[in-house]
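Colleague: Mind having a look at this structure? Questions to follow.
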Amino acid sequence: MTLTEASYWTRKFAVLGAIVLVLLIIVTVVLISAGNKVTLQQEYEHANFRCTKTPEEMPHLDIHTTNLNSNPDSEIVLSTVKGDIEILPRVVNVYAFIDTPQSLNALNTAKAFAKSIGFDPDTVVRKRNSSVYEWTDRAFKRKLIMGASNLDVHLKTDFKDKEKAMPSEGRLPSDSEAKSIAAAFLNSLPNTDRAYSVENTLSRYVAITADGGFTEALARSDADLIRVDFFRRKAFISIKNPGKQKSDKVVNAYKKMFDIMHDTGSGSIFYTIKEDSTVTDSDGRTLEYYLLETRTLSENPNDPIVSVYVGPTDKRKKDNAFPNVYGADITSWKIEDSSCGTYELIPSIQVVSMLKDYGSLVSLTPKSDPDTIRPPSSLSVDSFLVQNIYLSYLTPKKYTPYLQPIWVATGEAIFSSGDKGSFMYYLPAINYDIISAPVEETAPATTTQKN
């Protein structure tokens, strides 16, 4: 073979080798992409819309708020560290609330609870056409109202006469003690959702004003009470892991997404993961689930639907099982353990552009007056700088059939006065325009999570 021929064939083989290498790379990329696609499709690639029989039966989420911002020309702009929004889930769980019918024994059950906290059970008042039971304790300036259907509890103390309402001396419990007392009070109720626990609480220091109202105390030394707020967590994604198979791929893919969500902004406050949750299916088989959870929020994040006010022990209340509890607001709609279906969300990248027309401003706190218990009634905001977007669920005060997801936008508010502060916007997250008839189940029987 001549030198010219050798050079010719060397070039030929080089070209052929390059072509083969390119083909191998393309095939590898296609296989990896296909593998990843199949992995994600197994869980939450497509919504199944199974909570209702028809699309029209899924109610659009209606968020009730007051007008916190008096400036209609405020601008809402994205102001994240990276200049964009982190990838968030596209399809998530939706849950059904349990509509508890009124028990035939509801009055006796309510009387027993009223007696346990020092009220005379036989002084109950039920007004005509009213759905609540009421008791009044004139000695300690208290009133108890309980719902007749789901036995909600609203305990109020009138602090206008503070000397009668609470002892002049006494030690305010520590934060951990207050949480334990509040949890015990909550668990003593006849219709408590066991999803509430000490782990899922926030506490705030409360000062009693001269007119008997509440304001936020900036330091424990200024506090008269500790308000313990309870919230629930629900899994927005539930990953079944019955064995090895391809489940490791599923778990790792969603764990990566979870880590991004958890480490962004205040994500650690919203998101938790349960790696080994025992689940029993309809056939009695025990399975393991990986649950990616987020916290539920009330329509007003500063006024939760489950809160208990704890203060010094009132030794005068001899027949009261909870002499430390001075108030409670508990509206506890129970939620089904397992989801009724999955629904596609409005893409997170569209949230900021939709807040102006479809969002609800639920919290606005200036730095100069950071009172979240009794915030200013209305302020003028020039700009809302959205720094983070989270996924949550909304628990309304009034009964609604379904626990639905919301997008939560937080960041910095620039007030017209030049002051700065923080804000929180809610946006219904379900894309209602694409809801279709339920998609038939092709996977094994549905499961129920044990609390």
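Letters A, B, ... go to the chains of the structure tokens in the order shown; residues in each chain start at 1; ligands are counted from 1 in the same order.
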Contacts of Asp224 in chain A at 10 Å or less, counting only C-alpha atoms, minus same-chain residues fewer than 6 places along, as a PyMOL selection string?
Modeller: chain A and resi 166+170-172+205-209+214+217+309-312
Colleague: Do a neighbour search on range 385-390 of chain A at 9 Å with only C-alpha atoms, toss out local chain neighbours closer than 4 positions, and write the hits as number ranges by chain.
Modeller: A: 75-81, 85-86, 88, 261, 264-267, 270, 348, 351-352, 406-414, 423
Colleague: If you keep C-alpha atoms, can you produce a file of those selected residues as a CSV table (one decimal), in the first residue's frame?
Modeller:
```csv
chain,number,residue,atom,x,y,z
A,75,GLU,CA,-46.3,46.9,40.3
A,76,ILE,CA,-45.5,43.2,40.9
A,77,VAL,CA,-42.1,42.1,39.6
A,78,LEU,CA,-39.9,39.1,39.9
A,79,SER,CA,-36.8,39.7,42.1
A,80,THR,CA,-35.3,36.3,42.8
A,81,VAL,CA,-31.6,35.8,43.4
A,85,ILE,CA,-38.3,30.6,39.3
A,86,GLU,CA,-37.0,27.2,40.5
A,88,LEU,CA,-41.7,23.2,40.9
A,261,MET,CA,-37.5,23.3,46.8
A,264,THR,CA,-34.8,27.8,48.3
A,265,GLY,CA,-35.7,30.8,50.5
A,266,SER,CA,-37.8,29.6,53.4
A,267,GLY,CA,-38.5,26.3,51.8
A,270,PHE,CA,-42.9,24.7,54.1
A,348,SER,CA,-44.9,28.3,38.4
A,351,VAL,CA,-47.4,33.0,38.8
A,352,VAL,CA,-45.9,36.5,39.0
A,406,ILE,CA,-52.1,27.3,46.1
A,407,TRP,CA,-49.1,29.1,45.0
A,408,VAL,CA,-47.6,31.3,47.7
A,409,ALA,CA,-45.6,34.3,46.6
A,410,THR,CA,-43.5,36.2,49.2
A,411,GLY,CA,-40.9,38.9,49.1
A,412,GLU,CA,-40.3,42.6,49.9
A,413,ALA,CA,-42.9,45.4,49.7
A,414,ILE,CA,-41.8,49.0,48.9
A,423,PHE,CA,-45.9,40.5,52.0
```
Colleague: Pick out the closest residue to Cys51 in chain A from this set: A:Thr372, A:Ser380, A:Ser188, A:Gln404. Count only C-alpha atoms.
Modeller: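 Nearest candidate to Cys51 in chain A out of A:Thr372, A:Ser380, A:Ser188, A:Gln404: A:Gln404.
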Colleague: I need the residue nearest Asp99 in chain A from this list: A:Ile430, A:Ile335, A:Val153, A:Ala165. Use only C-alpha atoms for the distance.
Modeller: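 Answer, going by the shortest atom-to-atom distance: A:Ile335.
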